[in-house]
$ cat work14.cif   # mmCIF, C-alpha atoms and all ligand atoms
data_my_file
#
loop_
_atom_site.label_atom_id
_atom_site.label_comp_id
_atom_site.auth_asym_id
_atom_site.auth_seq_id
_atom_site.Cartn_x
_atom_site.Cartn_y
_atom_site.Cartn_z
CA MET A 714 -25.70 12.95 -12.04
CA ASN A 715 -23.42 14.87 -9.69
CA VAL A 716 -20.58 12.41 -9.53
CA ALA A 717 -18.55 11.13 -12.48
CA GLU A 718 -19.34 7.58 -13.55
CA ARG A 719 -15.77 6.37 -13.07
CA VAL A 720 -16.23 6.71 -9.32
CA SER A 721 -18.78 3.89 -9.40
CA THR A 722 -15.91 1.50 -10.23
CA LEU A 723 -14.17 2.33 -6.95
CA GLN A 724 -14.54 0.40 -3.70
CA PRO A 725 -13.75 1.28 -0.10
CA THR A 726 -11.07 -1.09 1.18
CA ALA A 727 -12.06 -4.14 3.24
CA VAL A 728 -10.56 -2.46 6.31
CA ASN A 729 -12.85 0.54 5.81
CA ARG A 730 -15.93 -1.63 5.22
CA VAL A 731 -15.31 -3.66 8.36
CA LEU A 732 -14.48 -0.49 10.29
CA LEU A 733 -17.91 0.89 9.39
CA GLU A 734 -19.57 -2.23 10.77
CA ALA A 735 -17.43 -2.04 13.91
CA ARG A 736 -18.25 1.65 14.46
CA GLN A 737 -21.97 0.87 14.33
CA LEU A 738 -21.51 -1.68 17.12
CA GLN A 739 -19.40 0.78 19.12
CA ALA A 740 -22.13 3.40 18.74
CA GLU A 741 -24.48 0.85 20.36
CA GLY A 742 -22.13 0.70 23.34
CA ARG A 743 -20.05 -2.41 22.50
CA THR A 744 -16.36 -2.49 23.36
CA LEU A 745 -14.35 -4.05 20.56
CA ILE A 746 -10.74 -5.07 20.17
CA SER A 747 -9.17 -4.72 16.76
CA LEU A 748 -6.71 -7.24 15.32
CA MET A 749 -7.37 -5.83 11.89
CA ARG A 750 -5.12 -3.03 10.77
CA GLY A 751 -1.70 -2.97 9.16
CA GLN A 752 -0.49 0.02 11.12
CA PRO A 753 2.60 -0.75 13.24
CA ASP A 754 2.21 0.57 16.78
CA THR A 755 5.93 1.20 17.08
CA PRO A 756 6.52 4.99 17.08
CA THR A 757 8.72 6.82 14.58
CA PRO A 758 12.31 6.76 15.95
CA THR A 759 13.34 9.96 17.71
CA HIS A 760 16.18 10.84 15.34
CA ILE A 761 13.69 10.98 12.45
CA VAL A 762 11.27 13.19 14.40
CA GLU A 763 14.17 15.48 15.29
CA ALA A 764 15.25 15.65 11.66
CA ALA A 765 11.73 16.84 10.77
CA GLU A 766 11.88 19.52 13.47
CA ARG A 767 15.28 20.63 12.18
CA ALA A 768 14.00 20.72 8.60
CA LEU A 769 11.21 23.08 9.66
CA ARG A 770 13.57 25.32 11.59
CA ASP A 771 15.98 25.33 8.63
CA GLY A 772 13.17 26.68 6.47
CA HIS A 773 12.39 23.62 4.32
CA THR A 774 8.87 24.92 3.85
CA GLY A 775 8.66 25.64 0.14
CA TYR A 776 7.48 23.33 -2.64
CA PRO A 777 9.59 20.20 -2.93
CA ASP A 778 11.41 19.25 -6.11
CA ASN A 779 8.51 17.46 -7.81
CA GLN A 780 10.57 14.36 -8.54
CA GLY A 781 11.71 14.33 -4.90
CA GLU A 782 14.29 16.42 -3.09
CA PRO A 783 17.68 15.59 -4.68
CA ILE A 784 19.21 14.69 -1.31
CA LEU A 785 16.40 12.18 -0.66
CA ARG A 786 16.70 10.64 -4.13
CA GLN A 787 20.39 10.23 -3.43
CA ALA A 788 19.64 8.55 -0.07
CA ILE A 789 17.15 6.22 -1.79
CA ALA A 790 19.72 5.28 -4.44
CA GLU A 791 22.21 4.48 -1.63
CA LYS A 792 19.57 2.37 0.17
CA LEU A 793 18.73 0.41 -2.96
CA ARG A 794 22.42 -0.32 -3.54
CA ARG A 795 23.07 -1.20 0.12
CA ASP A 796 20.01 -3.39 0.79
CA ASN A 797 18.91 -4.63 -2.60
CA GLY A 798 22.03 -4.72 -4.75
CA LEU A 799 20.37 -2.38 -7.25
CA THR A 800 21.87 0.63 -9.02
CA TYR A 801 19.59 3.48 -10.05
CA ASP A 802 20.44 6.95 -11.29
CA ALA A 803 19.11 9.32 -8.61
CA SER A 804 18.68 12.12 -11.12
CA ARG A 805 16.33 10.27 -13.48
CA GLU A 806 15.34 6.80 -12.26
CA ILE A 807 13.87 7.54 -8.82
CA LEU A 808 10.58 9.23 -7.94
CA VAL A 809 9.53 10.23 -4.42
CA THR A 810 5.82 9.58 -3.81
CA ASP A 811 3.16 10.13 -1.15
CA GLY A 812 3.57 6.64 0.30
CA ALA A 813 3.44 3.41 -1.67
CA THR A 814 -0.22 4.19 -2.35
CA SER A 815 0.65 7.04 -4.68
CA GLY A 816 3.56 5.06 -6.14
CA ILE A 817 1.22 2.25 -7.19
CA PHE A 818 -1.38 4.68 -8.52
CA THR A 819 1.23 6.55 -10.54
CA ALA A 820 2.92 3.42 -11.86
CA LEU A 821 -0.41 2.05 -13.08
CA ALA A 822 -1.17 5.40 -14.73
CA ALA A 823 2.08 5.21 -16.65
CA LEU A 824 1.80 1.55 -17.63
CA ILE A 825 -1.77 0.59 -18.47
CA GLN A 826 -4.15 1.63 -21.21
CA PRO A 827 -7.94 1.45 -20.84
CA GLY A 828 -8.94 -2.16 -21.46
CA ASP A 829 -5.62 -3.62 -20.28
CA ASP A 830 -5.46 -6.45 -17.77
CA VAL A 831 -3.32 -6.45 -14.65
CA LEU A 832 -2.33 -9.87 -13.33
CA LEU A 833 -2.04 -10.13 -9.59
CA PRO A 834 -1.85 -12.95 -7.06
CA ASP A 835 -5.06 -13.99 -5.33
CA PRO A 836 -5.54 -13.31 -2.42
CA ILE A 837 -3.91 -9.87 -2.35
CA TYR A 838 -4.07 -6.44 -0.69
CA ASP A 839 -7.46 -5.27 -1.89
CA ALA A 840 -6.51 -1.60 -2.33
CA TYR A 841 -4.86 -2.45 -5.67
CA ALA A 842 -8.24 -2.97 -7.35
CA SER A 843 -9.50 0.61 -7.41
CA PRO A 844 -6.40 2.30 -8.87
CA ILE A 845 -6.41 -0.36 -11.59
CA ALA A 846 -10.06 0.50 -12.27
CA ILE A 847 -9.42 4.27 -12.29
CA TRP A 848 -7.02 3.87 -15.21
CA GLY A 849 -9.49 1.65 -17.06
CA GLY A 850 -7.76 -1.63 -16.27
CA GLN A 851 -9.11 -4.96 -15.14
CA PRO A 852 -7.56 -7.05 -12.34
CA ARG A 853 -6.95 -10.70 -13.32
CA PRO A 854 -6.40 -12.92 -10.27
CA ILE A 855 -3.61 -15.50 -10.33
CA ARG A 856 -4.98 -18.24 -8.16
CA SER A 857 -2.71 -19.32 -5.33
CA ALA A 858 -2.88 -22.47 -3.25
CA ILE A 859 -1.60 -23.44 0.18
CA HIS A 860 1.38 -25.82 -0.13
CA ALA A 861 3.35 -26.90 2.93
CA GLY A 862 1.65 -24.26 5.08
CA ARG A 863 2.24 -21.27 2.81
CA PHE A 864 0.39 -19.60 -0.04
CA ALA A 865 2.21 -19.89 -3.38
CA ILE A 866 1.53 -19.58 -7.09
CA ASP A 867 3.08 -21.62 -9.87
CA ARG A 868 3.69 -21.19 -13.59
CA ALA A 869 0.44 -22.99 -14.46
CA ALA A 870 -1.54 -20.46 -12.37
CA LEU A 871 0.27 -17.59 -14.11
CA GLU A 872 -0.53 -19.03 -17.53
CA ALA A 873 -4.17 -19.66 -16.54
CA ALA A 874 -4.61 -16.01 -15.54
CA TYR A 875 -2.97 -14.62 -18.68
CA THR A 876 -5.10 -12.94 -21.33
CA PRO A 877 -4.00 -11.24 -24.56
CA ARG A 878 -4.84 -7.90 -22.86
CA SER A 879 -2.43 -8.55 -20.00
CA ARG A 880 0.04 -5.74 -19.64
CA VAL A 881 1.26 -5.66 -16.03
CA LEU A 882 2.14 -8.26 -13.41
CA LEU A 883 1.74 -6.80 -9.92
CA LEU A 884 3.73 -8.55 -7.19
CA ASN A 885 3.95 -7.94 -3.46
CA THR A 886 6.76 -9.48 -1.40
CA PRO A 887 6.42 -10.03 1.53
CA TRP A 888 2.90 -10.75 0.40
CA ASN A 889 -0.08 -9.16 2.19
CA PRO A 890 -2.28 -10.86 3.43
CA THR A 891 -0.64 -14.30 3.10
CA GLY A 892 2.71 -13.69 4.83
CA THR A 893 4.66 -15.45 2.08
CA VAL A 894 8.13 -14.10 1.34
CA TRP A 895 8.73 -14.98 -2.29
CA THR A 896 11.85 -17.02 -2.86
CA HIS A 897 14.49 -16.30 -5.48
CA ALA A 898 13.21 -19.29 -7.49
CA GLU A 899 9.56 -18.20 -7.28
CA LEU A 900 10.38 -14.68 -8.39
CA THR A 901 12.59 -15.97 -11.19
CA ALA A 902 9.65 -18.05 -12.45
CA CYS A 903 7.43 -14.93 -12.38
CA LEU A 904 9.97 -12.77 -14.18
CA ASP A 905 10.60 -15.49 -16.78
CA PHE A 906 6.86 -15.54 -17.37
CA ALA A 907 6.77 -11.72 -17.57
CA ALA A 908 9.58 -11.80 -20.14
CA ALA A 909 7.88 -14.54 -22.19
CA ARG A 910 4.62 -12.53 -22.24
CA ASP A 911 6.28 -9.12 -22.43
CA LEU A 912 4.66 -7.79 -19.25
CA ARG A 913 5.82 -4.87 -17.12
CA VAL A 914 6.15 -5.68 -13.42
CA ILE A 915 5.13 -3.51 -10.47
CA SER A 916 6.81 -4.79 -7.33
CA ASP A 917 5.38 -3.53 -4.03
CA GLU A 918 8.05 -4.16 -1.38
CA ILE A 919 6.58 -2.20 1.51
CA TYR A 920 7.02 -5.03 4.07
CA GLU A 921 10.63 -5.59 3.03
CA SER A 922 12.09 -5.13 6.52
CA LEU A 923 9.49 -7.30 8.28
CA ILE A 924 10.94 -10.69 7.39
CA TYR A 925 11.49 -13.45 9.94
CA ASP A 926 13.66 -16.43 10.78
CA GLY A 927 16.68 -15.07 8.93
CA ARG A 928 14.98 -15.09 5.52
CA ARG A 929 16.11 -12.52 2.97
CA HIS A 930 14.07 -10.18 0.84
CA VAL A 931 14.65 -10.45 -2.90
CA SER A 932 13.64 -7.59 -5.13
CA PRO A 933 12.45 -8.87 -8.52
CA ALA A 934 14.34 -6.01 -10.18
CA ALA A 935 17.61 -7.48 -8.87
CA LEU A 936 17.18 -10.82 -10.64
CA SER A 937 18.64 -9.85 -14.01
CA PRO A 938 19.15 -6.86 -16.33
CA ASP A 939 15.97 -7.87 -18.16
CA ALA A 940 14.03 -7.99 -14.86
CA ARG A 941 15.33 -4.55 -13.91
CA ALA A 942 14.31 -3.15 -17.28
CA ARG A 943 10.69 -4.30 -16.94
CA THR A 944 10.15 -3.58 -13.22
CA VAL A 945 8.93 -0.56 -11.29
CA LEU A 946 9.98 -1.06 -7.67
CA VAL A 947 7.57 0.53 -5.17
CA ASN A 948 8.48 1.01 -1.53
CA SER A 949 7.68 3.32 1.37
CA LEU A 950 8.89 4.29 4.81
CA SER A 951 5.47 3.57 6.35
CA LYS A 952 6.08 0.13 7.84
CA THR A 953 9.89 0.07 8.13
CA TYR A 954 10.18 3.22 10.24
CA GLY A 955 6.71 3.46 11.84
CA MET A 956 5.90 6.36 9.50
CA THR A 957 2.44 5.50 8.16
CA GLY A 958 1.18 9.03 8.80
CA TRP A 959 4.12 10.81 7.20
CA ARG A 960 3.10 9.72 3.71
CA VAL A 961 6.46 9.20 2.08
CA GLY A 962 7.55 6.49 -0.31
CA TYR A 963 9.44 6.05 -3.55
CA CYS A 964 9.62 4.26 -6.87
CA ALA A 965 12.63 3.19 -8.91
CA GLY A 966 12.60 2.02 -12.49
CA PRO A 967 13.71 2.63 -16.04
CA VAL A 968 14.06 6.32 -16.87
CA GLU A 969 11.28 6.41 -19.45
CA ILE A 970 8.71 4.99 -17.01
CA ILE A 971 9.84 7.08 -14.03
CA GLN A 972 9.70 10.28 -16.09
CA ALA A 973 6.19 9.38 -17.29
CA MET A 974 5.21 8.75 -13.66
CA LEU A 975 6.62 12.15 -12.67
CA LEU A 976 4.33 13.78 -15.22
CA VAL A 977 1.35 11.99 -13.64
CA LEU A 978 2.40 12.76 -10.05
CA GLN A 979 2.66 16.45 -10.88
CA GLN A 980 -1.02 16.53 -11.79
CA PHE A 981 -2.38 15.50 -8.39
CA SER A 982 0.48 16.02 -5.94
CA ARG A 983 3.86 17.65 -5.95
CA GLY A 984 5.26 14.93 -3.71
CA PRO A 985 5.34 14.63 0.07
CA ALA A 986 5.88 17.75 2.21
CA THR A 987 9.42 19.09 1.89
CA LEU A 988 10.12 18.75 5.60
CA VAL A 989 8.99 15.11 5.49
CA GLN A 990 11.38 14.42 2.63
CA HIS A 991 14.28 15.79 4.67
CA ALA A 992 13.28 13.63 7.65
CA ALA A 993 13.14 10.64 5.30
CA VAL A 994 16.82 11.21 4.45
CA SER A 995 17.61 10.79 8.12
CA ALA A 996 15.55 7.56 8.24
CA LEU A 997 17.36 6.00 5.28
CA ARG A 998 20.87 7.20 6.10
CA GLY A 999 20.68 7.04 9.90
CA ASP A 1000 21.26 4.19 12.32
CA GLN A 1001 19.17 1.16 11.28
CA ALA A 1002 19.17 -0.31 14.83
CA SER A 1003 15.49 0.60 15.29
CA VAL A 1004 14.62 -1.40 12.17
CA ARG A 1005 16.30 -4.50 13.60
CA THR A 1006 14.61 -4.01 16.98
CA THR A 1007 11.22 -3.60 15.32
CA THR A 1008 11.68 -6.75 13.25
CA ALA A 1009 12.63 -8.74 16.35
CA GLU A 1010 9.57 -7.38 18.16
CA TYR A 1011 7.22 -8.40 15.33
CA GLN A 1012 8.79 -11.83 15.03
CA ALA A 1013 8.13 -12.36 18.76
CA ARG A 1014 4.52 -11.21 18.31
CA ARG A 1015 4.10 -13.53 15.34
CA ASP A 1016 5.35 -16.46 17.40
CA HIS A 1017 2.99 -15.53 20.20
CA VAL A 1018 -0.05 -15.32 17.90
CA VAL A 1019 0.76 -18.63 16.23
CA GLN A 1020 1.22 -20.32 19.59
CA ALA A 1021 -2.01 -18.86 20.99
CA LEU A 1022 -4.00 -20.08 18.00
CA THR A 1023 -2.44 -23.53 17.66
CA GLY A 1024 -4.41 -26.57 18.78
CA LEU A 1025 -7.90 -25.09 18.46
CA PRO A 1026 -10.32 -27.50 16.77
CA GLY A 1027 -11.03 -26.76 13.11
CA VAL A 1028 -8.42 -23.98 12.94
CA VAL A 1029 -4.83 -23.96 11.67
CA PRO A 1030 -2.60 -20.86 11.80
CA LEU A 1031 -0.24 -20.50 8.84
CA VAL A 1032 3.12 -19.24 10.07
CA PRO A 1033 3.91 -16.03 8.14
CA GLU A 1034 7.44 -15.64 6.78
CA GLY A 1035 7.07 -11.86 6.78
CA GLY A 1036 4.62 -8.98 7.19
CA LEU A 1037 2.19 -8.18 9.97
CA PHE A 1038 -0.50 -10.82 9.61
CA VAL A 1039 -1.21 -14.45 10.44
CA MET A 1040 -3.60 -16.19 8.09
CA LEU A 1041 -5.81 -18.54 10.03
CA ASP A 1042 -7.12 -21.48 8.04
CA VAL A 1043 -10.70 -21.86 9.35
CA ARG A 1044 -12.00 -24.26 6.72
CA GLY A 1045 -12.41 -26.87 9.46
CA LEU A 1046 -15.22 -24.78 10.98
CA GLY A 1047 -17.39 -25.43 7.93
CA ARG A 1048 -18.49 -21.81 7.46
CA ARG A 1049 -17.60 -19.08 5.02
CA SER A 1050 -14.81 -16.81 6.21
CA ASP A 1051 -17.09 -13.76 6.21
CA ASP A 1052 -19.57 -15.59 8.47
CA VAL A 1053 -16.76 -16.52 10.84
CA ARG A 1054 -15.55 -12.90 10.85
CA ARG A 1055 -19.03 -11.60 11.53
CA PHE A 1056 -19.60 -14.04 14.38
CA LEU A 1057 -16.28 -13.06 15.94
CA LEU A 1058 -17.16 -9.38 15.62
CA HIS A 1059 -20.71 -9.58 16.94
CA ASP A 1060 -20.37 -12.38 19.49
CA ALA A 1061 -16.74 -12.23 20.64
CA GLY A 1062 -16.12 -8.50 20.06
CA VAL A 1063 -12.90 -8.91 18.09
CA VAL A 1064 -12.35 -7.23 14.71
CA LEU A 1065 -10.60 -9.19 11.92
CA ILE A 1066 -10.78 -9.35 8.14
CA HIS A 1067 -12.07 -12.37 6.26
CA GLY A 1068 -9.74 -13.86 3.66
CA SER A 1069 -12.32 -13.63 0.87
CA ALA A 1070 -12.07 -9.81 1.10
CA TYR A 1071 -8.68 -10.30 -0.58
CA GLY A 1072 -9.91 -12.56 -3.36
CA ALA A 1073 -11.60 -15.90 -3.95
CA ALA A 1074 -8.44 -17.85 -3.05
CA GLY A 1075 -8.53 -16.23 0.41
CA GLU A 1076 -11.85 -17.93 1.19
CA GLY A 1077 -11.49 -20.23 4.17
CA ALA A 1078 -8.99 -17.97 5.95
CA LEU A 1079 -9.08 -15.07 8.39
CA ARG A 1080 -6.41 -12.38 8.57
CA VAL A 1081 -5.18 -11.69 12.11
CA SER A 1082 -2.99 -8.60 12.50
CA PHE A 1083 -0.24 -8.33 15.08
CA ALA A 1084 0.54 -4.73 14.15
CA ALA A 1085 -0.86 -3.81 17.56
CA GLY A 1086 0.84 -5.56 20.48
CA GLY A 1087 0.65 -5.43 24.28
CA VAL A 1088 -2.73 -5.50 26.00
CA THR A 1089 -4.63 -5.11 22.71
CA LEU A 1090 -3.03 -8.26 21.32
CA GLU A 1091 -3.49 -10.21 24.57
CA ARG A 1092 -7.16 -9.35 25.00
CA GLY A 1093 -7.83 -9.70 21.28
CA LEU A 1094 -6.33 -13.20 21.24
CA GLU A 1095 -8.38 -14.21 24.30
CA ARG A 1096 -11.58 -13.10 22.60
CA LEU A 1097 -10.55 -14.73 19.35
CA ARG A 1098 -9.82 -18.07 21.03
CA ASP A 1099 -13.11 -18.00 22.94
CA GLY A 1100 -15.08 -17.16 19.80
CA LEU A 1101 -13.36 -19.85 17.73
CA LEU A 1102 -13.98 -22.48 20.42
CA LYS A 1103 -17.69 -21.60 20.41
CA LEU A 1104 -17.80 -21.93 16.63
CA ALA A 1105 -15.95 -25.25 16.77
CA SER A 1106 -18.33 -26.72 19.32
CA ALA A 1107 -21.30 -25.55 17.23
CA ALA A 1108 -19.73 -27.25 14.18
CA SER A 1109 -18.94 -30.48 16.01
CA PRO A 1110 -21.46 -33.33 15.45
CA ASN A 1111 -21.07 -34.43 19.12
CA PRO A 1112 -21.11 -31.21 21.13
C1 LIG A 1201 0.81 -4.27 0.43
C2 LIG A 1201 0.63 -2.83 0.78
N1 LIG A 1201 1.02 -1.89 -0.11
C3 LIG A 1201 0.85 -0.59 0.16
C4 LIG A 1201 0.29 -0.14 1.34
C5 LIG A 1201 0.12 1.33 1.58
O1 LIG A 1201 1.35 1.88 1.89
P1 LIG A 1201 1.63 3.43 2.18
O2 LIG A 1201 1.32 3.70 3.62
O3 LIG A 1201 3.09 3.59 1.93
O4 LIG A 1201 0.81 4.22 1.24
C6 LIG A 1201 -0.10 -1.09 2.31
C7 LIG A 1201 -0.72 -0.64 3.57
O5 LIG A 1201 -1.18 -1.39 4.39
C8 LIG A 1201 0.07 -2.46 2.01
O6 LIG A 1201 -0.31 -3.41 2.88
#

$ encode --input "work14.cif" --output "structure tokens"
Amino acid sequence: MNVAERVSTLQPTAVNRVLLEARQLQAEGRTLISLMRGQPDTPTPTHIVEAAERALRDGHTGYPDNQGEPILRQAIAEKLRRDNGLTYDASREILVTDGATSGIFTALAALIQPGDDVLLPDPIYDAYASPIAIWGGQPRPIRSAIHAGRFAIDRAALEAAYTPRSRVLLLNTPWNPTGTVWTHAELTACLDFAAARDLRVISDEIYESLIYDGRRHVSPAALSPDARARTVLVNSLSKTYGMTGWRVGYCAGPVEIIQAMLLVLQQFSRGPATLVQHAAVSALRGDQASVRTTTAEYQARRDHVVQALTGLPGVVPLVPEGGLFVMLDVRGLGRRSDDVRRFLLHDAGVVLIHGSAYGAAGEGALRVSFAAGGVTLERGLERLRDGLLKLASAASPNP
């Protein structure tokens, strides 16, 4: 045995599994179009790039403060007050992390014991499962259902998922892959449940700025003093500022939890590169016009995708309230979502992810990303429509 047993509990993400399949086809000479990934194609705004260049020239090349450069923690505290109505002490209640990925990993490390259960909506971003497993936890899906064209969970679903070993409730708003932006009332119901069952809450808010039709993001931590006291807020600059490759994010929470998380973070990272942290200050404190432009661009793409996929037999697009994905209800095609995905990949040459990759409640749906726009989106949608029409005529009793 060369590799530790705990590694056997880890899974590549659905994106990586599908990517492997796609690369095999490409190696055989196929040309594919990807409507799969959650990577915005909008570039990092120039003023942030320039701030990074300046940081290098100014000699910000040593180790960062392991909790995060003080000036960045201050900028994060200002952002949380400005956008979320939340007050955190920059000196003790904020931790700068290597993207949301390391924030989630570190929060789970600080909050769960081996054998604990983590409740999380189903379907959900599948990369939560492995960090839960690394710390000896067990994911417990909270089954959602589609009501009035959107995925939602109710109190009964929360209670059904609960076990005596439940310790953490993990929420994601806007919710990947479903596109639901949780309402104040829905989050209040979740936090009431968390209080009744004495659960900690991890709130991943990475798609916070990608919210459409004038809706507003609500951070669970902002609901009440009790909610704030039991919540670790996780966020990152990846999606908001087109900074997926910069690897910078942050967490905010009660001092005791954040300090425990710092101890964990110090063991595998010392935080994002110092120069990146200084550029992040410029992102958070600088002009937010690019954020508004990006949101408008993604809302237009969303509308375009929904329009292009409306009216196809056996297929219903769910209009996302936020995020980068349209969930396509393909139950009318009478096949499992993974079969539909595979047909679309092999026959139509378009790469998507099947809903069941995100949990049993995602079965019957396909996730279509509009993170890439322009020609990629146009050609991808053409292929997708053609492939779906073929599947529909094969499913029809009178072809
Ligand atoms: C819900 C969710 N959380 C976290 C991440 C990872 O974020 P980061 O790039 O900040 O590590 C993603 C990336 O797609 C995501 O969809």

$ residues_near_ligand --input "work14.cif" --ligand "ligand LIG 1201 (chain A)" --cutoff "7 Å" --atoms "all atoms listed in the file" --output "short mmCIF file (atom, residue, chain, number, x, y, z; two decimals) with C-alpha atoms, keeping the file's coordinate frame"
data_model
loop_
_atom_site.label_atom_id
_atom_site.label_comp_id
_atom_site.auth_asym_id
_atom_site.auth_seq_id
_atom_site.Cartn_x
_atom_site.Cartn_y
_atom_site.Cartn_z
CA GLY A 751 -1.70 -2.97 9.16
CA GLN A 752 -0.49 0.02 11.12
CA ASP A 811 3.16 10.13 -1.15
CA GLY A 812 3.57 6.64 0.30
CA ALA A 813 3.44 3.41 -1.67
CA THR A 814 -0.22 4.19 -2.35
CA SER A 815 0.65 7.04 -4.68
CA TYR A 838 -4.07 -6.44 -0.69
CA ASN A 885 3.95 -7.94 -3.46
CA TRP A 888 2.90 -10.75 0.40
CA ASN A 889 -0.08 -9.16 2.19
CA ASP A 917 5.38 -3.53 -4.03
CA ILE A 919 6.58 -2.20 1.51
CA ASN A 948 8.48 1.01 -1.53
CA SER A 949 7.68 3.32 1.37
CA LEU A 950 8.89 4.29 4.81
CA SER A 951 5.47 3.57 6.35
CA THR A 957 2.44 5.50 8.16
CA ARG A 960 3.10 9.72 3.71
CA VAL A 961 6.46 9.20 2.08
CA GLY A 962 7.55 6.49 -0.31
#

$ atom_distance --input "work14.cif" --atom1 "CA of Leu1065 (chain A)" --atom2 "CA of Leu883 (chain A)"
25.2 Å

$ residues_around --input "work14.cif" --residues "Arg1098 (chain A)" --least-positions-apart "2" --cutoff "12 Å" --atoms "all atoms listed in the file" --output "number ranges by chain"
A: 1018-1028, 1041, 1057, 1061-1063, 1081, 1090-1096, 1100-1105

$ closest_residue --input "work14.cif" --among "A:Ile924, A:Ala803, A:Met1040, A:Leu988" --to "Ala1009 (chain A)" --atoms "only C-alpha atoms"
A:Ile924

$ closest_residue --input "work14.cif" --among "A:Ile837, A:Thr891, A:Leu821, A:Ala1108" --to "Arg913 (chain A)" --atoms "only C-alpha atoms"
A:Leu821

$ closest_residue --input "work14.cif" --among "A:Ile817, A:Leu738, A:Leu793, A:Ala842" --to "Ala1070 (chain A)" --atoms "all atoms listed in the file"
A:Ala842

$ residues_around --input "work14.cif" --residues "Arg743 (chain A)" --least-positions-apart "6" --cutoff "12 Å" --atoms "only C-alpha atoms" --output "PDB file with C-alpha atoms, in the coordinates of the input"
ATOM      1  CA  GLU A 734     -19.570  -2.230  10.770  1.00  0.00           C
ATOM      2  CA  ALA A 735     -17.430  -2.040  13.910  1.00  0.00           C
ATOM      3  CA  ARG A 736     -18.250   1.650  14.460  1.00  0.00           C
ATOM      4  CA  GLN A 737     -21.970   0.870  14.330  1.00  0.00           C
ATOM      5  CA  LEU A1058     -17.160  -9.380  15.620  1.00  0.00           C
ATOM      6  CA  HIS A1059     -20.710  -9.580  16.940  1.00  0.00           C
ATOM      7  CA  ASP A1060     -20.370 -12.380  19.490  1.00  0.00           C
ATOM      8  CA  ALA A1061     -16.740 -12.230  20.640  1.00  0.00           C
ATOM      9  CA  GLY A1062     -16.120  -8.500  20.060  1.00  0.00           C
ATOM     10  CA  VAL A1063     -12.900  -8.910  18.090  1.00  0.00           C
ATOM     11  CA  VAL A1064     -12.350  -7.230  14.710  1.00  0.00           C
TER      12      VAL A1064
END

$ atom_distance --input "work14.cif" --atom1 "CA of Pro753 (chain A)" --atom2 "CA of Ala1085 (chain A)"
6.3 Å

$ residues_around --input "work14.cif" --residues "His773 (chain A)" --least-positions-apart "2" --cutoff "10 Å" --atoms "only C-alpha atoms" --output "number ranges by chain"
A: 765, 767-771, 775-777, 986-991

$ closest_residue --input "work14.cif" --among "A:Val994, A:Ala820, A:Val1029, A:Ala870" --to "Glu782 (chain A)" --atoms "only C-alpha atoms"
A:Val994

$ residues_around --input "work14.cif" --residues "Gln787 (chain A)" --least-positions-apart "6" --cutoff "12 Å" --atoms "all atoms listed in the file" --output "mmCIF file with C-alpha atoms, in the coordinates of the input"
data_model
loop_
_atom_site.group_PDB
_atom_site.id
_atom_site.type_symbol
_atom_site.label_atom_id
_atom_site.label_comp_id
_atom_site.auth_asym_id
_atom_site.auth_seq_id
_atom_site.Cartn_x
_atom_site.Cartn_y
_atom_site.Cartn_z
ATOM 1 C CA GLN A 780 10.570 14.360 -8.540
ATOM 2 C CA GLY A 781 11.710 14.330 -4.900
ATOM 3 C CA LEU A 793 18.730 0.410 -2.960
ATOM 4 C CA ARG A 794 22.420 -0.320 -3.540
ATOM 5 C CA THR A 800 21.870 0.630 -9.020
ATOM 6 C CA TYR A 801 19.590 3.480 -10.050
ATOM 7 C CA ASP A 802 20.440 6.950 -11.290
ATOM 8 C CA ALA A 803 19.110 9.320 -8.610
ATOM 9 C CA SER A 804 18.680 12.120 -11.120
ATOM 10 C CA ARG A 805 16.330 10.270 -13.480
ATOM 11 C CA GLU A 806 15.340 6.800 -12.260
ATOM 12 C CA ILE A 807 13.870 7.540 -8.820
ATOM 13 C CA LEU A 808 10.580 9.230 -7.940
ATOM 14 C CA VAL A 809 9.530 10.230 -4.420
ATOM 15 C CA TYR A 963 9.440 6.050 -3.550
ATOM 16 C CA ALA A 965 12.630 3.190 -8.910
ATOM 17 C CA GLN A 990 11.380 14.420 2.630
ATOM 18 C CA HIS A 991 14.280 15.790 4.670
ATOM 19 C CA ALA A 993 13.140 10.640 5.300
ATOM 20 C CA VAL A 994 16.820 11.210 4.450
ATOM 21 C CA SER A 995 17.610 10.790 8.120
ATOM 22 C CA LEU A 997 17.360 6.000 5.280
ATOM 23 C CA ARG A 998 20.870 7.200 6.100
#

$ axis_aligned_box --input "work14.cif" --around "region 929-937 of chain A" --padding-each-side "3 Å" --output "lines of an AutoDock Vina configuration file"
center_x = 15.5
center_y = -9.3
center_z = -5.5
size_x = 12.2
size_y = 12.5
size_z = 23.0

$ closest_residue --input "work14.cif" --among "A:Pro985, A:Gly955, A:Pro836, A:Pro933" --to "Asn797 (chain A)" --atoms "only C-alpha atoms"
A:Pro933

$ atom_distance --input "work14.cif" --atom1 "CA of Thr722 (chain A)" --atom2 "CA of Val947 (chain A)"
24.0 Å

$ closest_residue --input "work14.cif" --among "A:Ile825, A:Val1088, A:Leu923, A:Leu732" --to "Pro852 (chain A)" --atoms "only C-alpha atoms"
A:Ile825

$ residues_around --input "work14.cif" --residues "Asp926 (chain A)" --least-positions-apart "4" --cutoff "9 Å" --atoms "only C-alpha atoms" --output "VMD selection string"
chain A and resid 1012 1034 to 1035
